[in-house]
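A.B. asks: Here you go, work.txt (compact mmCIF, C-alpha atoms):
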```txt
# COMPACT_ATOMS: atom_id res chain seq x y z
CA MET V 687 19.24 -23.89 -16.98
CA GLY V 688 16.00 -24.93 -15.29
CA LYS V 689 13.15 -23.01 -13.84
CA PRO V 690 13.82 -20.61 -10.96
CA GLU V 691 13.42 -22.05 -7.47
CA THR V 692 10.22 -20.43 -6.23
CA ARG V 693 8.68 -23.33 -4.34
CA ARG V 694 9.43 -21.83 -0.92
CA LEU V 695 7.96 -18.47 -1.93
CA ASP V 696 4.91 -20.09 -3.53
CA LYS V 697 4.23 -21.99 -0.31
CA ALA V 698 4.59 -18.81 1.76
CA ILE V 699 2.25 -16.93 -0.59
CA GLN V 700 -0.34 -19.70 -0.36
CA GLN V 701 -0.10 -19.75 3.44
CA THR V 702 -0.45 -15.96 3.65
CA ASN V 703 -3.51 -16.12 1.40
CA ARG V 704 -5.05 -18.68 3.77
CA LYS V 705 -4.27 -16.42 6.73
CA LEU V 706 -5.83 -13.43 4.96
CA ASP V 707 -9.01 -15.38 4.21
CA ALA V 708 -9.14 -16.49 7.86
CA VAL V 709 -8.79 -12.91 9.10
CA ARG V 710 -11.55 -11.80 6.74
CA ASN V 711 -13.72 -14.55 8.27
CA ARG V 712 -12.81 -13.23 11.75
CA GLU V 713 -10.80 -16.27 12.81
CA THR V 714 -8.16 -15.60 15.45
CA TRP V 715 -5.51 -18.22 14.63
CA PRO V 716 -3.52 -16.09 12.14
CA LEU V 717 -3.29 -13.08 14.47
CA ASP V 718 -0.02 -12.23 16.17
CA GLY V 719 0.12 -11.59 19.90
CA ARG V 720 -0.47 -7.85 19.79
CA GLU V 721 -3.46 -8.20 17.45
CA ARG V 722 -4.92 -11.06 19.49
CA ARG V 723 -4.67 -8.99 22.68
CA ALA V 724 -6.37 -6.04 20.96
CA VAL V 725 -9.24 -8.19 19.71
CA LEU V 726 -9.77 -9.91 23.05
CA SER V 727 -9.56 -6.60 24.91
CA ALA V 728 -12.17 -5.01 22.65
CA LEU V 729 -14.44 -8.04 23.03
CA ALA V 730 -14.09 -8.00 26.81
CA SER V 731 -14.70 -4.26 27.16
CA GLY V 732 -17.67 -4.41 24.79
CA SER V 733 -19.30 -7.27 26.66
CA TYR V 734 -18.65 -5.49 29.98
CA ARG V 735 -20.31 -2.34 28.69
CA ILE V 736 -23.31 -4.32 27.44
CA VAL V 737 -23.72 -6.04 30.81
CA ARG V 738 -23.55 -2.65 32.52
CA GLY V 739 -26.22 -1.31 30.13
CA ASN V 740 -23.96 1.09 28.23
CA SER V 741 -23.28 1.46 24.53
CA PRO V 742 -20.43 -0.70 23.16
CA ALA V 743 -19.74 1.69 20.27
CA ARG V 744 -16.12 2.45 21.23
CA ALA V 745 -15.36 -1.24 21.79
CA GLU V 746 -16.85 -2.08 18.40
CA ARG V 747 -14.66 0.58 16.76
CA ASN V 748 -11.60 -0.83 18.54
CA LEU V 749 -12.52 -4.32 17.40
CA ASP V 750 -12.94 -3.19 13.79
CA THR V 751 -9.62 -1.35 13.96
CA ALA V 752 -7.84 -4.44 15.29
CA TRP V 753 -9.23 -6.64 12.50
CA GLN V 754 -8.41 -4.01 9.88
CA SER V 755 -4.81 -3.71 11.09
CA ALA V 756 -4.38 -7.50 10.92
CA GLU V 757 -5.79 -7.53 7.40
CA THR V 758 -3.51 -4.68 6.34
CA ARG V 759 -0.47 -6.47 7.77
CA LEU V 760 -1.26 -9.63 5.84
CA ILE V 761 -1.94 -7.74 2.60
CA THR V 762 1.42 -6.00 2.94
CA GLU V 763 3.17 -9.28 3.68
CA LEU V 764 1.52 -10.87 0.64
CA ALA V 765 2.61 -8.00 -1.61
CA ALA V 766 6.19 -8.32 -0.36
CA LEU V 767 6.23 -12.07 -1.01
CA ARG V 768 4.86 -11.61 -4.51
CA ALA V 769 7.45 -8.92 -5.25
CA GLU V 770 10.23 -11.20 -4.01
CA ARG V 771 8.96 -14.05 -6.20
CA GLN V 772 8.88 -11.73 -9.21
CA ARG V 773 12.45 -10.62 -8.47
CA VAL V 774 13.66 -14.23 -8.34
CA VAL V 775 11.93 -15.06 -11.64
CA ARG V 776 13.32 -11.91 -13.29
CA GLU V 777 16.88 -12.66 -12.11
CA ALA V 778 16.64 -16.22 -13.41
CA ALA V 779 15.42 -14.98 -16.78
CA ALA V 780 18.24 -12.43 -17.02
CA GLU V 781 20.76 -15.10 -16.08
CA ARG V 782 19.35 -17.45 -18.71
CA ALA V 783 19.42 -14.70 -21.37
CA ALA V 784 23.01 -13.80 -20.51
CA LYS V 785 24.05 -17.43 -20.75
CA LYS V 786 22.38 -17.81 -24.15
CA SER V 787 23.92 -14.65 -25.56
CA SER V 788 27.40 -15.58 -24.41
CA GLY V 789 27.46 -18.77 -26.49
CA TRP V 790 29.33 -18.93 -29.80
CA TRP V 791 26.37 -20.19 -31.81
```
Would you give me this structure, written as structure tokens?
C.D. replies:
Amino acid sequence: MGKPETRRLDKAIQQTNRKLDAVRNRETWPLDGRERRAVLSALASGSYRIVRGNSPARAERNLDTAWQSAETRLITELAALRAERQRVVREAAAERAAKKSSGWW
């Protein structure tokens, strides 16, 4: 009995970590469509308000909320992937233990 097959999950965890770092650096490539629209809308409304001479406070709050929701989504996704990896490892260990205990030695 070899090691559990976690390569796919490890790759997904690594990719999600990269996405999370990118969102924390305010890069837009890991955002989904809804989040990207929210960020661009907040940027556009904030710049419009600045050009008109008004305060962009509400647009800044909307922008912060959009980035925070993207970060929360990725943190949740990362936690789910880690939990799934742990479940696979635990099942493989239980299977290995059951196989060892069933032997006649």
A.B. asks: Skipping near chain neighbours, those fewer than 3 positions away, what residues fall within 12 Å of segment 767-784 of chain V using all atoms listed in the file, listed as an MDAnalysis selection string?
C.D. replies: chainID V and resid 687:703 760:764 787:789
A.B. asks: If you count all atoms listed in the file, which residues fall within 12 Å of Ser755 of chain V, apart from same-chain ones fewer than 6 positions away, as number ranges by chain?
C.D. replies: V: 706, 709-710, 717-718, 720-722, 724-725, 748-749, 761-762
A.B. asks: Atom CA of Lys705 of chain V and atom CA of Trp753 of chain V, how far apart in Å?
C.D. replies: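 Computed distance, atom CA of Trp753 of chain V to atom CA of Lys705 of chain V, equals 12.4 Å.
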A.B. asks: Let me have the centre and edge lengths of the axis-aligned box enclosing all listed atoms of segment 758-771 of chain V with 5 Å padding on every side, in Å to one decimal, as AutoDock Vina command-line options.
C.D. replies:
```
--center_x 3.4 --center_y -9.4 --center_z 0.8 --size_x 23.7 --size_y 19.4 --size_z 24.0
```
A.B. asks: If I take atom CA of Ile736 of chain V and atom CA of Thr758 of chain V, how far is one from the other in Å, to one decimal?
C.D. replies: 28.9 Å
A.B. asks: Using only C-alpha atoms, can you tell me which of V:Ala708, V:Val737, V:Ala756, V:Ala743 comes closest to Arg723 of chain V?
C.D. replies: V:Ala756
A.B. asks: In terms of the shortest atom-to-atom distance over only C-alpha atoms, which of V:Lys785, V:Asn711, V:Ala728, V:Arg704 is closest to Asp750 of chain V?
C.D. replies: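 Checking each of V:Lys785, V:Asn711, V:Ala728, V:Arg704 against Asp750 of chain V, counting only C-alpha atoms, the winner is V:Ala728.
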A.B. asks: What is the distance, in Å and to one decimal place, between atom CA of Tyr734 of chain V and atom CA of Ala752 of chain V?
C.D. replies: 18.3 Å
A.B. asks: Using all atoms listed in the file, can you tell me which of V:Leu726, V:Ala745, V:Arg738, V:Glu757 comes closest to Asp707 of chain V?
C.D. replies: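 Selected residue with least distance to Asp707 of chain V: V:Glu757.
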A.B. asks: Smallest atom-to-atom distance to Ser727 of chain V: which of V:Asn740, V:Gln754, V:Glu746, V:Trp715, using all atoms listed in the file?
C.D. replies: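 Checking each candidate against Ser727 of chain V, we get V:Glu746 as the closest.
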